[in-house]
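K.L.:
Next up, query_20.txt (compact mmCIF, C-alpha atoms).
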# COMPACT_ATOMS: atom_id res chain seq x y z
CA MET A 477 -17.97 50.28 -25.48
CA TYR A 478 -18.46 49.85 -21.76
CA ILE A 479 -15.72 48.27 -19.65
CA LYS A 480 -17.88 45.29 -18.67
CA THR A 481 -18.86 44.63 -22.29
CA ILE A 482 -15.22 44.53 -23.33
CA ALA A 483 -14.33 42.34 -20.34
CA ASN A 484 -17.00 39.80 -21.30
CA ASP A 485 -15.63 39.70 -24.84
CA ILE A 486 -12.04 38.92 -23.80
CA TYR A 487 -12.77 36.63 -20.83
CA GLU A 488 -12.50 33.36 -22.79
CA ILE A 489 -8.93 34.03 -23.96
CA CYS A 490 -7.88 35.20 -20.48
CA TYR A 491 -9.25 31.93 -19.09
CA ASP A 492 -7.52 29.81 -21.73
CA VAL A 493 -4.16 31.42 -20.96
CA GLU A 494 -4.56 31.08 -17.20
CA LYS A 495 -5.70 27.44 -17.43
CA ASN A 496 -3.61 26.04 -20.27
CA ILE A 497 -0.49 28.21 -20.36
CA VAL A 498 -0.01 29.46 -16.79
CA GLY A 499 -1.32 26.15 -15.43
CA HIS A 500 -3.84 27.31 -12.80
CA SER A 501 -6.61 25.04 -11.56
CA GLU A 502 -10.03 25.55 -13.13
CA ILE A 503 -11.28 27.58 -10.15
CA ASP A 504 -8.17 29.79 -9.97
CA ALA A 505 -8.12 30.24 -13.75
CA THR A 506 -11.75 31.37 -13.63
CA LEU A 507 -11.05 33.92 -10.89
CA TRP A 508 -7.86 35.26 -12.49
CA ALA A 509 -9.53 35.48 -15.91
CA LYS A 510 -12.38 37.49 -14.42
CA ALA A 511 -9.95 39.94 -12.80
CA ASN A 512 -7.58 40.20 -15.78
CA SER A 513 -10.35 40.68 -18.32
CA ILE A 514 -11.57 43.71 -16.35
CA ARG A 515 -8.03 45.05 -16.03
CA HIS A 516 -7.29 44.71 -19.77
CA SER A 517 -10.66 46.22 -20.71
CA HIS A 518 -9.45 49.57 -19.34
CA THR A 519 -6.48 49.42 -21.72
CA ILE A 520 -8.72 48.46 -24.65
CA HIS A 521 -11.13 51.27 -23.81
CA MET A 522 -8.25 53.76 -24.00
CA ILE A 523 -7.04 52.32 -27.31
CA LEU A 524 -10.55 52.65 -28.76
CA GLU A 525 -10.69 56.25 -27.57
CA TYR A 526 -7.34 56.94 -29.26
CA ILE A 527 -8.56 55.37 -32.51
CA LYS A 528 -11.73 57.46 -32.39
CA ASN A 529 -9.74 60.68 -31.95
CA ASN A 530 -7.07 59.90 -34.57
CA ASN A 531 -7.90 59.04 -38.15
CA LYS A 532 -5.28 56.39 -38.90
CA LYS A 533 -5.39 53.44 -41.27
CA GLU A 534 -2.57 51.61 -39.50
CA LEU A 535 -1.57 51.37 -35.85
CA LYS A 536 1.78 50.30 -34.47
CA ILE A 537 1.46 49.18 -30.87
CA LEU A 538 4.26 48.22 -28.50
CA ASN A 539 3.77 46.23 -25.32
CA ALA A 540 6.85 47.55 -23.54
CA SER A 541 6.18 45.77 -20.26
CA GLY A 542 8.67 42.97 -20.87
CA LEU A 543 7.47 40.84 -17.96
CA SER A 544 5.32 38.21 -19.61
CA CYS A 545 3.50 38.20 -22.91
CA GLY A 546 0.22 36.36 -22.49
CA HIS A 547 -3.40 37.04 -21.55
CA GLN A 548 -2.96 40.80 -22.02
CA ASP A 549 -1.45 40.62 -25.51
CA PHE A 550 -3.61 37.75 -26.70
CA SER A 551 -6.92 39.13 -25.43
CA ILE A 552 -6.31 42.73 -26.53
CA VAL A 553 -4.97 41.84 -29.99
CA ASN A 554 -7.81 39.40 -30.62
CA PHE A 555 -10.36 42.04 -29.60
CA LEU A 556 -8.80 44.72 -31.80
CA ARG A 557 -8.51 42.46 -34.84
CA LYS A 558 -12.20 41.53 -34.53
CA ASN A 559 -13.64 44.96 -33.78
CA ILE A 560 -11.68 47.76 -35.46
CA GLN A 561 -10.77 48.71 -39.02
CA PRO A 562 -7.15 49.98 -38.80
CA LYS A 563 -4.40 47.48 -39.52
CA ILE A 564 -2.66 46.53 -36.26
CA GLU A 565 1.04 45.79 -35.90
CA TRP A 566 1.78 44.50 -32.37
CA LYS A 567 5.20 43.93 -30.85
CA ALA A 568 5.76 42.64 -27.31
CA TYR A 569 8.96 42.51 -25.28
CA GLU A 570 9.43 39.38 -23.22
CA ASN A 571 11.88 38.45 -20.47
CA PRO A 572 14.36 35.79 -21.69
CA ASN A 573 13.67 33.81 -18.48
CA SER A 574 9.98 33.42 -19.31
CA LYS A 575 8.82 29.83 -18.84
CA TYR A 576 6.07 30.29 -21.42
CA LEU A 577 8.27 30.67 -24.50
CA SER A 578 8.51 26.91 -25.10
CA ILE A 579 4.79 26.15 -24.61
CA ASP A 580 3.05 25.13 -27.86
CA LEU A 581 -0.23 26.94 -27.08
CA PHE A 582 1.71 30.12 -26.32
CA LYS A 583 3.48 29.91 -29.70
CA LYS A 584 0.15 29.14 -31.40
CA TYR A 585 -1.37 32.35 -30.04
CA LEU A 586 1.63 34.37 -31.20
CA LYS A 587 1.39 33.00 -34.73
CA GLY A 588 -2.40 33.16 -34.97
CA LEU A 589 -2.62 36.76 -33.78
CA GLY A 590 0.47 37.99 -35.62
CA ILE A 591 2.32 39.12 -32.50
CA THR A 592 6.06 39.74 -32.78
CA ILE A 593 8.16 38.88 -29.72
CA GLU A 594 11.48 40.48 -28.78
CA LEU A 595 13.52 39.14 -25.86
CA SER A 596 15.04 41.72 -23.54
CA ASP A 597 16.43 41.78 -20.01
CA PHE A 598 15.62 45.35 -18.99
CA SER A 599 18.29 45.36 -16.28
CA LYS A 600 21.06 44.59 -18.80
CA THR A 601 20.00 45.76 -22.26
CA ALA A 602 21.55 49.06 -23.32
CA ASN A 603 19.56 49.63 -26.54
CA LEU A 604 15.99 49.32 -25.31
CA TYR A 605 13.07 48.73 -27.72
CA GLY A 606 15.17 48.67 -30.90
CA GLU A 607 17.08 51.27 -32.89
CA LYS A 608 14.32 53.20 -34.68
CA ASP A 609 12.72 56.19 -32.94
CA GLY A 610 9.26 57.70 -33.35
CA ILE A 611 7.53 54.63 -34.77
CA TYR A 612 4.78 53.66 -32.29
CA ASP A 613 1.26 55.08 -31.96
CA ILE A 614 0.48 53.37 -28.66
CA VAL A 615 2.83 52.02 -26.01
CA ILE A 616 1.50 49.77 -23.24
CA PHE A 617 3.46 49.73 -19.99
CA THR A 618 1.09 47.91 -17.68
CA GLU A 619 1.67 46.00 -14.43
CA ILE A 620 5.47 46.39 -14.67
CA ALA A 621 6.47 49.59 -12.81
CA GLU A 622 6.07 47.84 -9.47
CA HIS A 623 8.61 45.16 -10.54
CA LEU A 624 11.42 47.57 -11.44
CA ASP A 625 14.09 49.35 -9.47
CA HIS A 626 13.96 53.13 -9.86
CA SER A 627 16.86 53.57 -12.30
CA THR A 628 15.45 50.89 -14.60
CA LEU A 629 11.98 52.47 -14.50
CA LEU A 630 13.29 55.92 -15.45
CA ASN A 631 15.50 54.54 -18.23
CA LEU A 632 12.58 52.58 -19.69
CA LEU A 633 10.26 55.60 -19.65
CA ILE A 634 12.97 57.69 -21.32
CA SER A 635 13.46 55.02 -23.99
CA ILE A 636 9.71 54.62 -24.55
CA ARG A 637 9.29 58.36 -25.14
CA LYS A 638 11.88 58.20 -27.94
CA LYS A 639 9.97 55.40 -29.64
CA MET A 640 6.63 57.26 -29.60
CA ARG A 641 5.32 59.35 -32.47
CA GLU A 642 4.42 62.93 -31.66
CA ASP A 643 0.71 62.10 -31.35
CA ALA A 644 1.24 58.77 -29.57
CA ILE A 645 0.00 57.75 -26.14
CA LEU A 646 1.53 55.77 -23.31
CA ILE A 647 -0.75 53.58 -21.17
CA ILE A 648 0.38 52.72 -17.63
CA THR A 649 -1.26 50.61 -14.94
CA THR A 650 0.24 49.67 -11.58
CA PRO A 651 -0.99 48.91 -8.03
CA ASN A 652 -1.96 51.99 -6.06
CA LEU A 653 0.16 52.63 -2.95
CA LEU A 654 -2.58 54.87 -1.51
CA SER A 655 -5.51 52.54 -2.05
CA LEU A 656 -7.89 52.50 0.89
CA PRO A 657 -7.01 48.88 1.80
CA ASN A 658 -3.32 49.87 1.83
CA ARG A 659 -4.03 52.89 4.02
CA ILE A 660 -5.76 50.61 6.52
CA LYS A 661 -2.81 48.20 6.45
CA PHE A 662 -0.42 51.11 7.03
CA PHE A 663 -2.50 52.20 10.00
CA LEU A 664 -2.43 48.68 11.45
CA GLY A 665 1.29 48.27 10.76
CA HIS A 666 0.88 45.46 8.21
CA ILE A 667 2.92 46.66 5.23
CA ASP A 668 5.00 43.56 4.42
CA SER A 669 2.21 42.23 2.17
CA PHE A 670 2.86 45.13 -0.26
CA TYR A 671 6.15 43.51 -1.26
CA TRP A 672 7.11 40.05 -2.51
CA GLY A 673 9.80 38.50 -4.70
CA HIS A 674 12.35 41.01 -3.45
CA GLY A 675 15.05 38.68 -2.13
CA THR A 676 18.47 37.66 -3.41
CA GLN A 677 17.13 34.70 -5.40
CA ASN A 678 14.98 37.08 -7.43
CA LEU A 679 18.03 39.31 -7.87
CA GLU A 680 20.03 36.38 -9.25
CA LYS A 681 17.26 35.51 -11.74
CA GLY A 682 16.82 39.17 -12.75
CA LEU A 683 13.07 38.95 -12.18
CA TYR A 684 11.62 40.83 -9.22
CA GLY A 685 8.15 40.61 -7.75
CA HIS A 686 6.51 43.74 -6.31
CA ILE A 687 9.38 45.84 -5.01
CA VAL A 688 8.11 49.44 -5.46
CA ASN A 689 4.70 51.06 -5.00
CA TYR A 690 3.43 54.35 -6.46
CA ASP A 691 0.54 56.75 -6.08
CA ILE A 692 -0.91 58.80 -8.92
CA ASN A 693 0.76 62.07 -7.95
CA ARG A 694 4.25 60.59 -7.80
CA LEU A 695 3.86 58.85 -11.17
CA ILE A 696 2.57 62.04 -12.79
CA LYS A 697 5.53 63.97 -11.36
CA LEU A 698 8.00 61.41 -12.73
CA LEU A 699 6.29 61.43 -16.13
CA ASN A 700 6.38 65.24 -16.25
CA ASP A 701 10.10 65.13 -15.46
CA ILE A 702 10.78 62.89 -18.45
CA GLY A 703 8.54 64.79 -20.86
CA TYR A 704 5.05 63.31 -20.66
CA HIS A 705 1.73 65.08 -20.23
CA THR A 706 -0.90 63.13 -18.29
CA ASP A 707 -4.09 63.08 -20.37
CA LYS A 708 -6.06 60.79 -18.08
CA ALA A 709 -5.48 59.46 -14.57
CA TYR A 710 -7.78 57.53 -12.27
CA THR A 711 -7.89 54.50 -9.97
CA PHE A 712 -10.00 51.38 -10.38
CA THR A 713 -10.42 47.92 -8.90
CA PHE A 714 -10.30 44.94 -11.25
CA GLY A 715 -10.76 42.22 -8.67
CA TYR A 716 -8.89 40.16 -6.11
CA SER A 717 -6.57 37.17 -6.08
CA PRO A 718 -8.08 33.67 -5.87
CA THR A 719 -6.86 33.42 -2.26
CA THR A 720 -8.98 36.44 -1.35
CA GLU A 721 -11.94 35.42 -3.51
CA LYS A 722 -12.13 32.03 -1.79
CA ASN A 723 -12.21 33.60 1.67
CA LEU A 724 -15.78 34.87 1.91
CA ILE A 725 -15.23 37.05 4.97
CA LYS A 726 -12.05 38.65 3.60
CA HIS A 727 -13.69 39.10 0.20
CA LEU A 728 -16.74 40.79 1.73
CA ILE A 729 -14.57 43.13 3.81
CA LEU A 730 -12.55 44.19 0.75
CA LYS A 731 -15.74 44.73 -1.27
CA ILE A 732 -17.08 47.03 1.45
CA ILE A 733 -13.75 48.89 1.64
CA ASP A 734 -13.70 49.27 -2.15
CA PHE A 735 -17.21 50.72 -2.09
CA ILE A 736 -16.14 53.24 0.56
CA ALA A 737 -13.10 54.07 -1.60
CA LEU A 738 -15.46 55.48 -4.23
CA PHE A 739 -15.94 58.49 -1.94
CA PHE A 740 -12.18 59.16 -1.58
CA LYS A 741 -10.21 60.51 -4.54
CA ASN A 742 -7.69 58.10 -6.09
CA SER A 743 -8.09 55.47 -3.40
CA ARG A 744 -9.05 52.35 -5.35
CA CYS A 745 -6.61 49.47 -5.87
CA SER A 746 -5.03 50.13 -9.28
CA ILE A 747 -3.74 53.21 -11.09
CA PHE A 748 -4.54 53.94 -14.74
CA ILE A 749 -2.64 56.68 -16.59
CA ALA A 750 -2.68 57.68 -20.26
CA ALA A 751 0.07 60.13 -21.22
CA SER A 752 1.35 61.91 -24.32
CA LYS A 753 4.61 63.62 -25.23
CA THR A 754 5.35 67.18 -24.13
CA HIS A 755 8.26 69.26 -22.84
CA PRO A 756 9.92 68.01 -19.63
CA GLN A 757 9.21 69.71 -16.31
CA LYS A 758 12.36 68.73 -14.45
CA ILE A 759 12.41 67.69 -10.83
CA PRO A 760 15.19 69.75 -9.18
CA PHE A 761 18.38 67.93 -8.24
CA GLN A 762 18.44 67.17 -4.52
CA THR A 763 20.90 65.50 -2.15
Would you mind giving the structure from this file in C-alpha cells?
P.N.:
Amino acid sequence: MYIKTIANDIYEICYDVEKNIVGHSEIDATLWAKANSIRHSHTIHMILEYIKNNNKKELKILNASGLSCGHQDFSIVNFLRKNIQPKIEWKAYENPNSKYLSIDLFKKYLKGLGITIELSDFSKTANLYGEKDGIYDIVIFTEIAEHLDHSTLLNLLISIRKKMREDAILIITTPNLLSLPNRIKFFLGHIDSFYWGHGTQNLEKGLYGHIVNYDINRLIKLLNDIGYHTDKAYTFTFGYSPTTEKNLIKHLILKIIDFIALFFKNSRCSIFIAASKTHPQKIPFQT
C-alpha cells in the first residue's frame, strides 16, 4: 500500500484522539490528525513489509515508546486488525503521569482494540519491558528518542534488543537534527526552537520535551554499538504544527524548503530507521 492510502485509512481515528482525548480544537485536531496519520503510515508500511517477508501466523508487537499511548497505537492496531491475517498481540508502555489514563474514550479504545498497557517511568524502572526475553517480532520506538537523556536512551535500546526475537525489527522515528530548515536556523543563529520542556519543572515531573536531537548517521552508529543492523534509513516530512499551518507565509516558506530538501540527502524533517539484531560494533571508549 502507498503511504497516502494508509494515511487516509487511519485519519479518522487520529482525528478522534486529537479532538476527544487530547482536547484540541476542531481546526487543530484536523491539522494534527493529517500530520500524524502520515507519520504513522510510514510505521504501518514497514510492518506490512515485515509481514510480507516473514510467514508468521501470529505477531507480537511492542510499542516501547512509553510517552503516550494514543493516536499511534489506536490507528495502527485498528488498521492491522482490519487489513492483515496474522493474529496481533499489542502491548504499549505508558508513562504513569499520563493524563489520558482516566479518560473513558481512551479506555474504550484500549478495550475495543485489545491493547495491553504497562506503566513505566523509564528514568526509574530497573527491569524495563518485563522479564521475558526474545518474545517480540516488532518493536516500535517512535517519537521518543528526542525526549530522553543519553543514558536512558542507551539503556532502553539495550533492553529492547533483549526483548526482540532473532528475526525481529525495531522501528525508530525522531526529528532530524540536520533537516534543511534546521540547517537554515543554525546558520541564522536561531537554535533555541529545537528544544522545549527542558527545565527543572519537567525534571521534577520526569517528563521532558525535546531535549536531544539526532541525525541519521549518529543514530546508526549508536545502534551498531548496541548490536543493531540498520536495514532501512531515510528522512521524510509528515507535516507541520497547527501554528505553522495557520501562518500562510511561514507554511509556504517551509513547503518550498522541504521541496528543496528532496535534492539533499537525509535533509527532510523526520528520521525513519528500521533495524534488526546483529553483532555489536563498539564505539571506542573516549575521555
K.L.:
Quick one, how far is atom CA of A:Thr711 from atom CA of A:Leu524?
P.N.:
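Atom-to-atom, atom CA of A:Thr711 to atom CA of A:Leu524, that is 19.1 Å.
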K.L.:
If you count only C-alpha atoms, which residues fall within 9 Å of A:Lys480, apart from same-chain ones fewer than 5 positions away, as a ChimeraX atom specification?
P.N.:
/A:485,513-514,517
K.L.:
Could you check which of A:Leu633, A:Tyr704, A:Lys638, A:Leu624 is closest to A:Gly685, using all atoms listed in the file?
P.N.:
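Residue with the minimum atom-to-atom distance to A:Gly685: A:Leu624.
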K.L.:
Between A:Leu728, A:Ile733, A:Ile648, A:Ile503, single out the one closest to A:Tyr710, counting only C-alpha atoms.
P.N.:
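For A:Tyr710, the nearest of the candidates is A:Ile648.
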K.L.:
When distances are computed from only C-alpha atoms, which of A:Val615, A:Asn631, A:Arg637, A:Asp691 shows the smallest separation from A:Pro651?
P.N.:
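Answer, going by the shortest atom-to-atom distance: A:Asp691.
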K.L.:
So that I can check the surroundings of stretch 641-646 of chain A, please list as a PDB file with C-alpha atoms, in the coordinates of the input every protein, DNA and RNA residue that reaches within 7 Å of it, counting all atoms listed in the file and ignoring chain neighbours fewer than 2 positions away.
P.N.:
ATOM      1  CA  GLY A 610       9.260  57.700 -33.350  1.00  0.00           C
ATOM      2  CA  ILE A 611       7.530  54.630 -34.770  1.00  0.00           C
ATOM      3  CA  TYR A 612       4.780  53.660 -32.290  1.00  0.00           C
ATOM      4  CA  ASP A 613       1.260  55.080 -31.960  1.00  0.00           C
ATOM      5  CA  ILE A 614       0.480  53.370 -28.660  1.00  0.00           C
ATOM      6  CA  VAL A 615       2.830  52.020 -26.010  1.00  0.00           C
ATOM      7  CA  ILE A 616       1.500  49.770 -23.240  1.00  0.00           C
ATOM      8  CA  LYS A 639       9.970  55.400 -29.640  1.00  0.00           C
ATOM      9  CA  ILE A 648       0.380  52.720 -17.630  1.00  0.00           C
ATOM     10  CA  ALA A 750      -2.680  57.680 -20.260  1.00  0.00           C
ATOM     11  CA  ALA A 751       0.070  60.130 -21.220  1.00  0.00           C
ATOM     12  CA  SER A 752       1.350  61.910 -24.320  1.00  0.00           C
ATOM     13  CA  LYS A 753       4.610  63.620 -25.230  1.00  0.00           C
TER      14      LYS A 753
END
K.L.:
Within 7 Å of A:Ile749, counting all atoms listed in the file, which residues qualify if same-chain residues fewer than 5 places away don't, as a list in words?
P.N.:
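Once the nearby chain positions are removed, what remains is Ile647, Ile648, Thr649, Thr706, Lys708, Ala709 and Tyr710 of chain A.
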K.L.:
Filtering to C-alpha atoms, could you give me those residues as an mmCIF file, keeping the file's coordinate frame?
P.N.:
data_model
loop_
_atom_site.group_PDB
_atom_site.id
_atom_site.type_symbol
_atom_site.label_atom_id
_atom_site.label_comp_id
_atom_site.auth_asym_id
_atom_site.auth_seq_id
_atom_site.Cartn_x
_atom_site.Cartn_y
_atom_site.Cartn_z
ATOM 1 C CA ILE A 647 -0.750 53.580 -21.170
ATOM 2 C CA ILE A 648 0.380 52.720 -17.630
ATOM 3 C CA THR A 649 -1.260 50.610 -14.940
ATOM 4 C CA THR A 706 -0.900 63.130 -18.290
ATOM 5 C CA LYS A 708 -6.060 60.790 -18.080
ATOM 6 C CA ALA A 709 -5.480 59.460 -14.570
ATOM 7 C CA TYR A 710 -7.780 57.530 -12.270
#
K.L.:
Of the candidates A:Lys536, A:Arg744, A:Lys697, A:Lys726, which one gets nearest to A:Arg659 if we count only C-alpha atoms?
P.N.:
A:Arg744
K.L.:
Go ahead and find all residues with at least one atom no further than 12 Å from (-12.1, 50.3, -0.1) in the file's coordinates, using only C-alpha atoms; report them as a PyMOL selection string.
P.N.:
chain A and resi 652+654-661+711-713+715+727-746
K.L.:
Let me know the centre plus edge lengths, in Å and rounded to one decimal, of a box with edges along x, y and z that contains all listed atoms of stretch 551-555 of chain A and is padded by 4 Å on every side, as JSON.
P.N.:
{"center_x": -7.7, "center_y": 40.9, "center_z": -28.0, "size_x": 13.4, "size_y": 11.6, "size_z": 13.2}
K.L.:
For atom CA of A:Glu721 and atom CA of A:Ser551, quote the distance in Å rounded to one decimal.
P.N.:
22.8 Å
K.L.:
Which residue gives the smallest distance to A:Leu581 among A:Leu698, A:Ile497, A:Ile747, A:Ile725, with only C-alpha atoms counted?
P.N.:
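Counting only C-alpha atoms, the residue closest to A:Leu581 is A:Ile497.
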K.L.:
Would you give me, as a Markdown table, each residue of stretch 636-753 of chain A having an atom within 7 Å of an atom of stretch 506-512 of chain A, along with its shortest atom pair and that distance in Å to one decimal, using only C-alpha atoms and sorting by chain and residue number?
P.N.:
| residue | atom | partner | partner_atom | distance |
| --- | --- | --- | --- | --- |
| A:Phe714 | CA | A:Ala511 | CA | 5.2 |
| A:Gly715 | CA | A:Ala511 | CA | 4.8 |
| A:Tyr716 | CA | A:Ala511 | CA | 6.8 |
| A:Ser717 | CA | A:Trp508 | CA | 6.8 |
| A:Pro718 | CA | A:Leu507 | CA | 5.8 |
K.L.:
Using all atoms listed in the file, can you tell me which of A:His623, A:His686, A:Lys722, A:Arg557 comes closest to A:Leu535?
P.N.:
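Among the listed residues, A:Arg557 lies closest to A:Leu535.
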K.L.:
One decimal, Å: what's the distance from atom CA of A:Ile482 over to atom CA of A:Phe617, could you say?
P.N.:
19.7 Å
K.L.:
If I put a ball of radius 10 Å at (7.3, 55.6, -8.8) in the file's coordinates, which residues poke into it when counting all atoms listed in the file, written as a VMD selection string?
P.N.:
chain A and resid 621 to 622 624 to 626 629 to 630 650 653 688 to 699
K.L.:
If you count only C-alpha atoms, which residues fall within 6 Å of A:Glu534, apart from same-chain ones fewer than 2 positions away, as a ChimeraX atom specification?
P.N.:
/A:532,562-563
